[in-house]
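Student: Structure file final38.json, JSON, C-alpha atoms and all ligand atoms, is pasted below:
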```json
[["chain", "number", "residue", "atom", "x", "y", "z"],
["A", 13, "MET", "CA", -22.56, -7.03, 28.72],
["A", 14, "ALA", "CA", -19.88, -6.10, 26.16],
["A", 15, "SER", "CA", -18.29, -2.85, 27.23],
["A", 16, "LEU", "CA", -16.56, -0.17, 25.21],
["A", 17, "LYS", "CA", -12.95, 0.48, 26.22],
["A", 18, "THR", "CA", -10.25, 2.76, 24.88],
["A", 19, "GLY", "CA", -7.71, 0.96, 22.73],
["A", 20, "GLU", "CA", -4.74, 1.78, 20.52],
["A", 21, "GLY", "CA", -4.65, 5.31, 19.19],
["A", 22, "GLY", "CA", -7.45, 6.24, 21.60],
["A", 23, "LEU", "CA", -9.88, 4.26, 19.43],
["A", 24, "SER", "CA", -12.97, 2.63, 20.90],
["A", 25, "LYS", "CA", -12.91, -1.17, 21.24],
["A", 26, "VAL", "CA", -15.06, -3.99, 22.58],
["A", 27, "VAL", "CA", -13.56, -6.95, 24.47],
["A", 28, "LEU", "CA", -15.44, -10.26, 24.46],
["A", 29, "THR", "CA", -14.82, -13.23, 26.74],
["A", 30, "THR", "CA", -16.25, -16.71, 27.19],
["A", 31, "ASN", "CA", -17.11, -18.05, 30.58],
["A", 32, "ALA", "CA", -15.27, -21.25, 29.80],
["A", 33, "GLY", "CA", -12.84, -21.76, 32.64],
["A", 34, "GLY", "CA", -9.26, -22.96, 32.40],
["A", 35, "ALA", "CA", -7.77, -23.98, 29.07],
["A", 36, "GLY", "CA", -10.87, -23.16, 27.02],
["A", 37, "ALA", "CA", -11.13, -19.53, 28.08],
["A", 38, "ALA", "CA", -11.29, -17.30, 25.02],
["A", 39, "THR", "CA", -11.13, -13.57, 24.43],
["A", 40, "ALA", "CA", -11.67, -11.36, 21.39],
["A", 41, "THR", "CA", -11.08, -7.67, 20.72],
["A", 42, "LEU", "CA", -13.08, -5.68, 18.21],
["A", 43, "TYR", "CA", -12.52, -2.04, 17.19],
["A", 44, "ARG", "CA", -15.42, 0.16, 16.16],
["A", 45, "HIS", "CA", -13.03, 1.55, 13.51],
["A", 46, "GLY", "CA", -13.77, -0.63, 10.52],
["A", 47, "ALA", "CA", -15.50, -3.18, 12.82],
["A", 48, "THR", "CA", -12.04, -4.74, 12.78],
["A", 49, "LEU", "CA", -11.43, -7.70, 15.03],
["A", 50, "THR", "CA", -7.82, -7.37, 16.21],
["A", 51, "GLY", "CA", -7.49, -10.35, 18.51],
["A", 52, "TRP", "CA", -8.87, -13.79, 19.25],
["A", 53, "SER", "CA", -7.15, -15.97, 21.82],
["A", 54, "VAL", "CA", -8.03, -19.40, 23.16],
["A", 55, "GLY", "CA", -6.34, -20.64, 26.31],
["A", 56, "GLY", "CA", -3.93, -17.72, 26.06],
["A", 57, "GLU", "CA", -2.88, -18.56, 22.46],
["A", 58, "GLN", "CA", -3.27, -15.52, 20.19],
["A", 59, "LEU", "CA", -4.60, -16.69, 16.80],
["A", 60, "ILE", "CA", -5.01, -13.39, 14.95],
["A", 61, "PHE", "CA", -2.17, -11.33, 13.46],
["A", 62, "VAL", "CA", -1.95, -7.55, 13.64],
["A", 63, "SER", "CA", 1.13, -5.91, 12.18],
["A", 64, "PRO", "CA", 3.37, -4.30, 14.81],
["A", 65, "ARG", "CA", 3.47, -1.41, 12.34],
["A", 66, "ALA", "CA", -0.33, -1.12, 12.08],
["A", 67, "VAL", "CA", -1.59, 2.48, 12.19],
["A", 68, "PHE", "CA", -4.56, 3.04, 14.50],
["A", 69, "GLN", "CA", -5.50, 6.38, 12.98],
["A", 70, "PRO", "CA", -8.73, 6.65, 10.99],
["A", 71, "PRO", "CA", -9.52, 6.60, 8.17],
["A", 72, "LYS", "CA", -6.55, 4.28, 7.51],
["A", 73, "ALA", "CA", -7.52, 0.62, 7.82],
["A", 74, "ILE", "CA", -5.83, -1.42, 10.55],
["A", 75, "ARG", "CA", -3.21, -3.73, 9.00],
["A", 76, "GLY", "CA", -4.22, -7.16, 10.20],
["A", 77, "GLY", "CA", -7.05, -8.64, 12.22],
["A", 78, "VAL", "CA", -10.26, -9.13, 10.25],
["A", 79, "PRO", "CA", -10.97, -6.09, 8.09],
["A", 80, "VAL", "CA", -14.48, -5.98, 6.59],
["A", 81, "CYS", "CA", -14.28, -5.59, 2.82],
["A", 82, "PHE", "CA", -17.55, -3.94, 1.72],
["A", 83, "PRO", "CA", -19.22, -2.82, -0.55],
["A", 84, "GLN", "CA", -16.55, -4.40, -2.69],
["A", 85, "PHE", "CA", -13.77, -6.93, -2.47],
["A", 86, "GLY", "CA", -10.57, -5.77, -4.17],
["A", 87, "ASN", "CA", -11.48, -3.92, -7.35],
["A", 88, "LEU", "CA", -14.62, -5.98, -7.93],
["A", 89, "GLY", "CA", -16.94, -3.00, -7.84],
["A", 90, "PRO", "CA", -17.29, 0.66, -8.90],
["A", 91, "LEU", "CA", -15.23, 2.22, -6.12],
["A", 92, "GLN", "CA", -11.70, 3.50, -6.55],
["A", 93, "ALA", "CA", -10.80, 2.39, -3.01],
["A", 94, "GLN", "CA", -9.67, -1.26, -2.98],
["A", 95, "HIS", "CA", -11.89, -3.31, -0.65],
["A", 96, "GLY", "CA", -14.49, -0.54, -0.35],
["A", 97, "PHE", "CA", -14.93, 1.86, 2.59],
["A", 98, "ALA", "CA", -16.41, -0.20, 5.46],
["A", 99, "ARG", "CA", -12.98, -0.91, 6.99],
["A", 100, "ASN", "CA", -12.25, 2.83, 7.06],
["A", 101, "ARG", "CA", -15.39, 3.96, 8.87],
["A", 102, "GLU", "CA", -16.58, 3.97, 12.47],
["A", 103, "TRP", "CA", -19.27, 1.40, 13.25],
["A", 104, "GLN", "CA", -21.76, 1.76, 16.11],
["A", 105, "LEU", "CA", -22.19, -0.78, 18.94],
["A", 106, "ALA", "CA", -25.76, -2.11, 18.82],
["A", 107, "ALA", "CA", -27.82, -2.60, 21.94],
["A", 108, "GLY", "CA", -28.17, -6.18, 23.11],
["A", 109, "SER", "CA", -24.49, -7.11, 23.02],
["A", 110, "SER", "CA", -23.34, -9.54, 25.73],
["A", 111, "SER", "CA", -20.03, -10.45, 27.36],
["A", 112, "SER", "CA", -19.38, -12.98, 24.57],
["A", 113, "SER", "CA", -21.14, -11.41, 21.57],
["A", 114, "ALA", "CA", -21.35, -7.92, 20.05],
["A", 115, "THR", "CA", -23.00, -6.44, 16.97],
["A", 116, "LEU", "CA", -21.49, -3.43, 15.22],
["A", 117, "VAL", "CA", -23.58, -1.48, 12.72],
["A", 118, "LEU", "CA", -22.70, 0.69, 9.72],
["A", 119, "GLU", "CA", -25.47, 2.57, 7.97],
["A", 120, "SER", "CA", -25.23, 4.63, 4.80],
["A", 121, "ASP", "CA", -24.88, 8.36, 5.35],
["A", 122, "GLU", "CA", -24.13, 11.43, 3.27],
["A", 123, "GLU", "CA", -20.45, 10.48, 2.94],
["A", 124, "THR", "CA", -21.08, 6.91, 1.84],
["A", 125, "LEU", "CA", -23.91, 7.97, -0.48],
["A", 126, "ALA", "CA", -21.49, 10.37, -2.17],
["A", 127, "LEU", "CA", -19.10, 7.45, -2.71],
["A", 128, "TRP", "CA", -21.71, 4.81, -3.49],
["A", 129, "PRO", "CA", -25.31, 5.90, -4.17],
["A", 130, "HIS", "CA", -27.01, 3.12, -2.23],
["A", 131, "ALA", "CA", -28.79, 3.16, 1.14],
["A", 132, "PHE", "CA", -27.81, 0.13, 3.21],
["A", 133, "ARG", "CA", -27.43, -1.23, 6.73],
["A", 134, "ALA", "CA", -24.50, -3.51, 7.49],
["A", 135, "GLU", "CA", -24.26, -5.46, 10.74],
["A", 136, "LEU", "CA", -21.30, -7.52, 11.92],
["A", 137, "THR", "CA", -22.06, -9.84, 14.82],
["A", 138, "THR", "CA", -18.96, -11.31, 16.46],
["A", 139, "SER", "CA", -19.39, -14.09, 19.00],
["A", 140, "LEU", "CA", -17.19, -16.38, 21.07],
["A", 141, "LEU", "CA", -18.93, -19.76, 21.20],
["A", 142, "PRO", "CA", -18.77, -21.88, 24.39],
["A", 143, "SER", "CA", -16.01, -23.98, 22.75],
["A", 144, "GLY", "CA", -13.94, -20.82, 22.31],
["A", 145, "ALA", "CA", -14.64, -20.83, 18.54],
["A", 146, "LEU", "CA", -14.90, -17.45, 16.84],
["A", 147, "GLN", "CA", -18.02, -16.70, 14.80],
["A", 148, "GLN", "CA", -18.60, -13.62, 12.65],
["A", 149, "VAL", "CA", -21.83, -12.97, 10.76],
["A", 150, "LEU", "CA", -22.03, -10.16, 8.22],
["A", 151, "ARG", "CA", -25.60, -9.09, 7.38],
["A", 152, "VAL", "CA", -26.35, -6.52, 4.71],
["A", 153, "THR", "CA", -29.84, -5.06, 4.21],
["A", 154, "ASN", "CA", -30.89, -3.05, 1.17],
["A", 155, "THR", "CA", -32.68, -0.08, 2.76],
["A", 156, "ASP", "CA", -32.97, 1.67, -0.59],
["A", 157, "SER", "CA", -35.80, 1.73, -3.13],
["A", 158, "LYS", "CA", -33.62, 0.28, -5.91],
["A", 159, "PRO", "CA", -31.61, -2.96, -6.23],
["A", 160, "LEU", "CA", -28.26, -3.21, -4.40],
["A", 161, "GLU", "CA", -25.23, -5.12, -5.76],
["A", 162, "PHE", "CA", -21.99, -5.71, -3.83],
["A", 163, "THR", "CA", -19.02, -8.00, -3.31],
["A", 164, "CYS", "CA", -17.49, -8.47, 0.16],
["A", 165, "ALA", "CA", -15.12, -10.44, 2.35],
["A", 166, "LEU", "CA", -13.97, -10.95, 5.91],
["A", 167, "HIS", "CA", -10.24, -10.50, 5.32],
["A", 168, "THR", "CA", -8.79, -12.60, 8.14],
["A", 169, "TYR", "CA", -5.08, -12.48, 9.01],
["A", 170, "PHE", "CA", -4.29, -15.70, 10.91],
["A", 171, "LYS", "CA", -1.16, -15.54, 13.06],
["A", 172, "VAL", "CA", 1.44, -18.21, 12.21],
["A", 173, "SER", "CA", 4.84, -19.11, 13.69],
["A", 174, "ASP", "CA", 6.35, -18.48, 10.24],
["A", 175, "ILE", "CA", 4.83, -18.43, 6.77],
["A", 176, "ALA", "CA", 7.12, -21.33, 5.85],
["A", 177, "ASN", "CA", 5.22, -23.47, 8.39],
["A", 178, "ALA", "CA", 1.77, -22.52, 7.10],
["A", 179, "SER", "CA", -0.55, -24.40, 4.75],
["A", 180, "VAL", "CA", -4.16, -24.11, 3.64],
["A", 181, "VAL", "CA", -6.02, -27.34, 2.90],
["A", 182, "GLY", "CA", -9.29, -27.90, 1.04],
["A", 183, "LEU", "CA", -8.77, -26.04, -2.23],
["A", 184, "LYS", "CA", -7.31, -28.80, -4.42],
["A", 185, "GLY", "CA", -8.77, -28.93, -7.93],
["A", 186, "LEU", "CA", -10.43, -25.54, -7.72],
["A", 187, "GLN", "CA", -10.14, -22.71, -10.22],
["A", 188, "TYR", "CA", -8.76, -19.48, -8.84],
["A", 189, "TYR", "CA", -7.93, -16.01, -10.08],
["A", 190, "ASP", "CA", -4.21, -15.49, -9.52],
["A", 191, "ASN", "CA", -4.04, -11.80, -8.67],
["A", 192, "ALA", "CA", -0.26, -11.81, -8.83],
["A", 193, "ALA", "CA", -0.23, -13.25, -12.36],
["A", 194, "GLY", "CA", -3.48, -11.60, -13.49],
["A", 195, "ALA", "CA", -4.85, -14.87, -14.82],
["A", 196, "LEU", "CA", -7.10, -17.81, -13.99],
["A", 197, "ALA", "CA", -5.44, -21.08, -12.90],
["A", 198, "THR", "CA", -6.34, -24.40, -11.32],
["A", 199, "ASP", "CA", -4.86, -25.62, -8.05],
["A", 200, "ALA", "CA", -3.53, -29.18, -8.32],
["A", 201, "ALA", "CA", -1.73, -29.25, -4.97],
["A", 202, "GLU", "CA", -2.95, -31.07, -1.86],
["A", 203, "ALA", "CA", -2.35, -27.86, 0.12],
["A", 204, "VAL", "CA", -1.46, -24.24, -0.57],
["A", 205, "THR", "CA", 2.06, -23.55, 0.73],
["A", 206, "PHE", "CA", 4.05, -20.36, 0.65],
["A", 207, "SER", "CA", 7.42, -20.08, -1.09],
["A", 208, "GLY", "CA", 6.72, -16.65, -2.54],
["A", 209, "GLU", "CA", 3.83, -14.23, -3.09],
["A", 210, "VAL", "CA", 0.45, -15.97, -3.04],
["A", 211, "ASP", "CA", -2.65, -13.93, -3.93],
["A", 212, "ARG", "CA", -5.45, -16.25, -5.05],
["A", 213, "ALA", "CA", -9.20, -15.78, -5.17],
["A", 214, "TYR", "CA", -10.69, -19.29, -5.30],
["A", 215, "ILE", "CA", -14.06, -19.64, -7.00],
["A", 216, "ALA", "CA", -16.88, -21.62, -5.32],
["A", 217, "ALA", "CA", -14.69, -22.92, -2.49],
["A", 218, "PRO", "CA", -15.85, -25.66, -0.08],
["A", 219, "ASP", "CA", -17.51, -24.47, 3.11],
["A", 220, "THR", "CA", -14.85, -26.13, 5.30],
["A", 221, "LEU", "CA", -11.18, -25.20, 4.96],
["A", 222, "LYS", "CA", -8.15, -25.73, 7.18],
["A", 223, "VAL", "CA", -5.22, -23.53, 8.09],
["A", 224, "ALA", "CA", -2.34, -25.49, 9.64],
["A", 225, "ASP", "CA", 0.78, -24.15, 11.35],
["A", 226, "SER", "CA", 3.29, -26.97, 11.81],
["A", 227, "GLY", "CA", 5.57, -24.62, 13.72],
["A", 228, "ARG", "CA", 3.27, -24.40, 16.72],
["A", 229, "GLY", "CA", 1.09, -27.42, 16.17],
["A", 230, "ALA", "CA", -2.02, -25.36, 15.48],
["A", 231, "VAL", "CA", -5.01, -26.15, 13.26],
["A", 232, "LEU", "CA", -7.77, -23.68, 12.46],
["A", 233, "MET", "CA", -10.91, -25.18, 10.95],
["A", 234, "VAL", "CA", -12.76, -22.48, 9.01],
["A", 235, "HIS", "CA", -16.45, -23.09, 8.30],
["A", 236, "LYS", "CA", -18.17, -20.59, 6.02],
["A", 237, "ARG", "CA", -21.83, -20.09, 5.05],
["A", 238, "GLY", "CA", -23.22, -17.65, 2.53],
["A", 239, "PHE", "CA", -19.79, -16.67, 1.19],
["A", 240, "SER", "CA", -19.10, -18.61, -2.06],
["A", 241, "ASP", "CA", -15.40, -17.96, -2.37],
["A", 242, "ALA", "CA", -12.14, -18.03, -0.45],
["A", 243, "VAL", "CA", -9.03, -15.87, -0.84],
["A", 244, "VAL", "CA", -5.50, -16.90, 0.17],
["A", 245, "TRP", "CA", -2.85, -14.21, 0.52],
["A", 246, "ASN", "CA", 0.64, -13.56, 1.70],
["A", 247, "PRO", "CA", 2.62, -10.79, -0.05],
["A", 248, "ALA", "CA", 6.12, -12.26, 0.54],
["A", 249, "GLN", "CA", 9.09, -9.97, 1.05],
["A", 250, "ALA", "CA", 9.21, -7.81, -2.07],
["A", 251, "LYS", "CA", 5.58, -6.64, -1.86],
["A", 252, "ALA", "CA", 5.70, -6.35, 1.95],
["A", 253, "GLU", "CA", 8.70, -4.03, 1.83],
["A", 254, "GLY", "CA", 6.53, -1.60, -0.09],
["A", 255, "MET", "CA", 3.89, -1.64, 2.66],
["A", 256, "ALA", "CA", 4.84, 0.82, 5.43],
["A", 257, "ASP", "CA", 2.42, -0.81, 7.89],
["A", 258, "LEU", "CA", 3.77, -4.31, 7.30],
["A", 259, "GLY", "CA", 7.44, -4.46, 6.21],
["A", 260, "GLU", "CA", 9.45, -7.32, 7.73],
["A", 261, "HIS", "CA", 6.45, -8.70, 9.60],
["A", 262, "TRP", "CA", 5.07, -10.46, 6.49],
["A", 263, "ARG", "CA", 6.30, -13.82, 7.74],
["A", 264, "GLY", "CA", 3.89, -13.77, 10.69],
["A", 265, "PHE", "CA", 0.55, -14.38, 8.99],
["A", 266, "VAL", "CA", -1.47, -16.09, 6.33],
["A", 267, "CYS", "CA", -4.73, -14.60, 5.10],
["A", 268, "LEU", "CA", -7.60, -17.01, 4.50],
["A", 269, "GLU", "CA", -10.58, -14.83, 3.66],
["A", 270, "VAL", "CA", -14.18, -15.86, 3.18],
["A", 271, "ALA", "CA", -15.51, -13.81, 0.28],
["A", 272, "GLN", "CA", -18.33, -13.21, -2.14],
["A", 273, "ALA", "CA", -16.11, -12.11, -4.96],
["A", 274, "ARG", "CA", -15.19, -13.98, -8.15],
["A", 275, "SER", "CA", -18.35, -16.11, -8.03],
["A", 276, "GLY", "CA", -20.29, -12.92, -8.58],
["A", 277, "PRO", "CA", -21.89, -10.17, -6.50],
["A", 278, "VAL", "CA", -24.75, -10.36, -4.05],
["A", 279, "VAL", "CA", -27.86, -8.68, -5.53],
["A", 280, "LEU", "CA", -30.57, -7.50, -3.14],
["A", 281, "GLN", "CA", -33.95, -6.10, -4.04],
["A", 282, "PRO", "CA", -35.31, -3.26, -1.87],
["A", 283, "GLY", "CA", -35.84, -4.50, 1.68],
["A", 284, "GLU", "CA", -33.97, -7.79, 1.13],
["A", 285, "ALA", "CA", -31.08, -8.89, 3.36],
["A", 286, "TRP", "CA", -28.08, -11.21, 2.84],
["A", 287, "GLU", "CA", -25.96, -12.99, 5.44],
["A", 288, "GLY", "CA", -22.54, -14.57, 5.28],
["A", 289, "SER", "CA", -20.78, -16.19, 8.24],
["A", 290, "THR", "CA", -17.51, -17.76, 9.28],
["A", 291, "THR", "CA", -16.93, -19.97, 12.31],
["A", 292, "VAL", "CA", -13.34, -20.81, 13.21],
["A", 293, "GLN", "CA", -12.40, -23.58, 15.61],
["A", 294, "TYR", "CA", -8.88, -23.77, 17.07],
["A", 295, "ASP", "CA", -7.33, -27.17, 17.69],
["A", 296, "THR", "CA", -3.82, -28.37, 18.30],
["A", 297, "ILE", "CA", -2.42, -30.73, 15.64],
["A", 298, "GLY", "CA", -3.61, -34.21, 16.37],
["A", 299, "GLU", "CA", -7.01, -32.93, 17.61],
["A", 300, "GLY", "CA", -8.17, -31.14, 14.45],
["A", 301, "ALA", "CA", -10.05, -32.93, 11.69],
["A", 302, "ASP", "CA", -7.85, -34.18, 8.83],
["B", 401, "LIG", "O1", -7.02, -10.26, -0.18],
["B", 401, "LIG", "C1", -5.86, -10.15, -0.92],
["B", 401, "LIG", "C2", -5.69, -8.70, -1.36],
["B", 401, "LIG", "O2", -6.71, -8.33, -2.27],
["B", 401, "LIG", "C3", -4.30, -8.56, -1.96],
["B", 401, "LIG", "O3", -4.36, -8.35, -3.35],
["B", 401, "LIG", "C4", -3.70, -7.38, -1.20],
["B", 401, "LIG", "O4", -3.97, -6.18, -1.89],
["B", 401, "LIG", "C5", -4.42, -7.50, 0.14],
["B", 401, "LIG", "O5", -5.77, -7.81, -0.24],
["B", 401, "LIG", "C6", -4.30, -6.31, 1.05],
["B", 401, "LIG", "O6", -4.99, -5.21, 0.52],
["B", 401, "LIG", "P1", -4.89, -3.80, 1.30],
["B", 401, "LIG", "O7", -5.77, -2.87, 0.52],
["B", 401, "LIG", "O8", -5.36, -4.05, 2.70],
["B", 401, "LIG", "O9", -3.41, -3.43, 1.29]]
```
Render the structure in this file as C-alpha cells.
Ligand code: TA6
Tutor:
Amino acid sequence: MASLKTGEGGLSKVVLTTNAGGAGAATATLYRHGATLTGWSVGGEQLIFVSPRAVFQPPKAIRGGVPVCFPQFGNLGPLQAQHGFARNREWQLAAGSSSSSATLVLESDEETLALWPHAFRAELTTSLLPSGALQQVLRVTNTDSKPLEFTCALHTYFKVSDIANASVVGLKGLQYYDNAAGALATDAAEAVTFSGEVDRAYIAAPDTLKVADSGRGAVLMVHKRGFSDAVVWNPAQAKAEGMADLGEHWRGFVCLEVAQARSGPVVLQPGEAWEGSTTVQYDTIGEGAD
C-alpha cells in the first residue's frame, strides 16, 4: 500500500517501490503538491533532477521532477499562468494505490472554476513496473455539461552528469516551434545536443525517443502514447541565472517532455475522457536500443 509521508517543506509525499531485488530495485517519490514526481531511482541511480534551490512552498511549483502542465502547456491556452495551475495545487491520493503504484486526483473547485470555467477531473497514475521502468498516465475527464479544450504536458527533468554530455535522439527531420527564436524550424541533426539555450516544441513526434548521457553511460528510452508532441528544454546559463530556484544548477538536467501542445488541443465532449502516458526505461549504454 502506498503510504503518505512528510517530505520537504512539510509537504505530503508518496514513496513507491518495486519488489525487484538487487540491482533492479526501483523507488519513486511523488508529492501531492502539483502531483510532482521528484525522484525515480533504479538500482540506486537517481534519474530525475530536482534543483537544489527548489522551493517546497505552495503554491510555487517545484523546480524539477515531473511537473504536470494542465490545463495548458506554456501559453497555449487562455490562462495567464504559464503551464496552467495543476502543478501549483494539492492533489488527493486515491484509494486503491499499492506499494508500486499511486493515483493522485485533482478536481475542479471554486478556485479553479474562477480561473478556468470548466468542471474536470484529472488523475495522474504513477507506477513502477517490474523492470523498474517508470510509467505515468494522465487522464482527464470532462465532468462539465459543455465541451472542454486543453493542452498539457508531463514536464520531465532528467538528471544528467552534465548538459554537455546529453543528447536526445529521435527527432531528426521534424518541424518544431523554437520558443527561444519565436519561429518554426526543422531539425536536421541526428540528435539534439546542447551548446546553448534549447527550447523546442516538436510537432507530431515519434512515440519512442531516447535521452543519452555519455558522462555516466545512461540511456533513457521514453515511450509515449496519447501525447502527440515532445518538448526539449535546457535554459543554458543566461536564462538560468534569472531563475532563483535554478541558478548554477542548469547543467544538471535536460527536459524531454511529452506534450499535447503544438499539434493542437485535446477537445472533450461532456462525459468524455482522454489519456496520455509515458513509460521510461533506464538502461546503461550498450544495453539500450540504438
Ligand atoms: O518546457 C519548456 C518551457 O516552456 C520553457 O519555455 C521554460 O519556460 C520552461 O518550460 C520552464 O517553465 P517554468 O514556468 O517552470 O519556469
Student: Hey, which bits of chain A sit within 8 Å of ligand LIG 401 (chain B), and for each residue what's the closest pair of atoms and how far apart in Å (one decimal), counting all atoms listed in the file, rows by chain and increasing number, as CSV?
Tutor:
```
residue,atom,partner,partner_atom,distance
A:Ala73,CA,B:LIG401,O8,7.3
A:Arg75,CA,B:LIG401,O8,6.7
A:Phe85,CA,B:LIG401,O2,7.2
A:Gly86,CA,B:LIG401,O2,5.0
A:Gln94,CA,B:LIG401,O7,5.5
A:His95,CA,B:LIG401,O7,6.2
A:His167,CA,B:LIG401,O1,6.4
A:Asn191,CA,B:LIG401,O3,6.3
A:Ala192,CA,B:LIG401,O3,7.7
A:Asp211,CA,B:LIG401,C1,5.8
A:Arg212,CA,B:LIG401,C1,7.4
A:Ala213,CA,B:LIG401,O1,7.8
A:Val243,CA,B:LIG401,O1,6.0
A:Val244,CA,B:LIG401,O1,6.8
A:Trp245,CA,B:LIG401,C1,5.3
A:Asn246,CA,B:LIG401,C1,7.8
A:Pro247,CA,B:LIG401,C4,7.3
A:Met255,CA,B:LIG401,O9,7.6
A:Cys267,CA,B:LIG401,O1,7.2
A:Glu269,CA,B:LIG401,O1,7.0
```
Student: Kindly indicate which residue among A:Asp241, A:Asp295, A:Glu102, A:Glu161 lies nearest to Arg274 of chain A, using all atoms listed in the file for the distances.
Tutor: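 Residue with the minimum atom-to-atom distance to Arg274 of chain A: A:Asp241.
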Student: Would you pick out the contacts of Tyr169 of chain A at 7 Å or less, using all atoms listed in the file, so that residues sharing its chain but fewer than 5 positions from it are not included, and give the list as an NGL selection string?
Tutor: :A and (60-61 or 76-78 or 265-268)
Student: With C-alpha atoms retained, export the selected residues as a PDB file, in the coordinates of the input.
Tutor:
```pdb
ATOM      1  CA  ILE A  60      -5.010 -13.390  14.950  1.00  0.00           C
ATOM      2  CA  PHE A  61      -2.170 -11.330  13.460  1.00  0.00           C
ATOM      3  CA  GLY A  76      -4.220  -7.160  10.200  1.00  0.00           C
ATOM      4  CA  GLY A  77      -7.050  -8.640  12.220  1.00  0.00           C
ATOM      5  CA  VAL A  78     -10.260  -9.130  10.250  1.00  0.00           C
ATOM      6  CA  PHE A 265       0.550 -14.380   8.990  1.00  0.00           C
ATOM      7  CA  VAL A 266      -1.470 -16.090   6.330  1.00  0.00           C
ATOM      8  CA  CYS A 267      -4.730 -14.600   5.100  1.00  0.00           C
ATOM      9  CA  LEU A 268      -7.600 -17.010   4.500  1.00  0.00           C
TER      10      LEU A 268
END
```
Student: Tell me, as JSON, numbers by chain, which residues lie within 8 Å of Thr115 of chain A, counting all atoms listed in the file; anything in the same chain fewer than 2 positions away does not count.
Tutor: {"A": [105, 106, 107, 109, 113, 117, 135, 136, 137, 138]}
Student: At a cut-off of 10 Å around the point (-13.4, -7.0, 24.6) (file coordinates), what residues fall inside when counting all atoms listed in the file? I'd like the answer as a list in words.
Tutor: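 Every residue inside that radius is included here: Ala14, Ser15, Leu16, Lys17, Gly19, Lys25, Val26, Val27, Leu28, Thr29, Thr39, Ala40, Thr41, Leu42, Tyr43, Leu49, Gly51, Trp52, Ser111, Ser112, Ser113 and Ala114 of chain A.
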Student: Pick out the closest residue to Ser157 of chain A from this set: A:Leu125, A:Leu23, A:Leu280, A:Val67. Count only C-alpha atoms.
Tutor: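 Smallest separation from Ser157 of chain A among the options: A:Leu280.
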Student: Have a look at atom CA of Glu122 of chain A and atom CA of Asn100 of chain A and let me know their distance in Å, one decimal.
Tutor: 15.1 Å
Student: Could you please determine the separation between atom CA of Gly194 of chain A and atom CA of Ala248 of chain A in Å, to one decimal place?
Tutor: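 Answer for the atom CA of Gly194 of chain A to atom CA of Ala248 of chain A separation: 17.0 Å.
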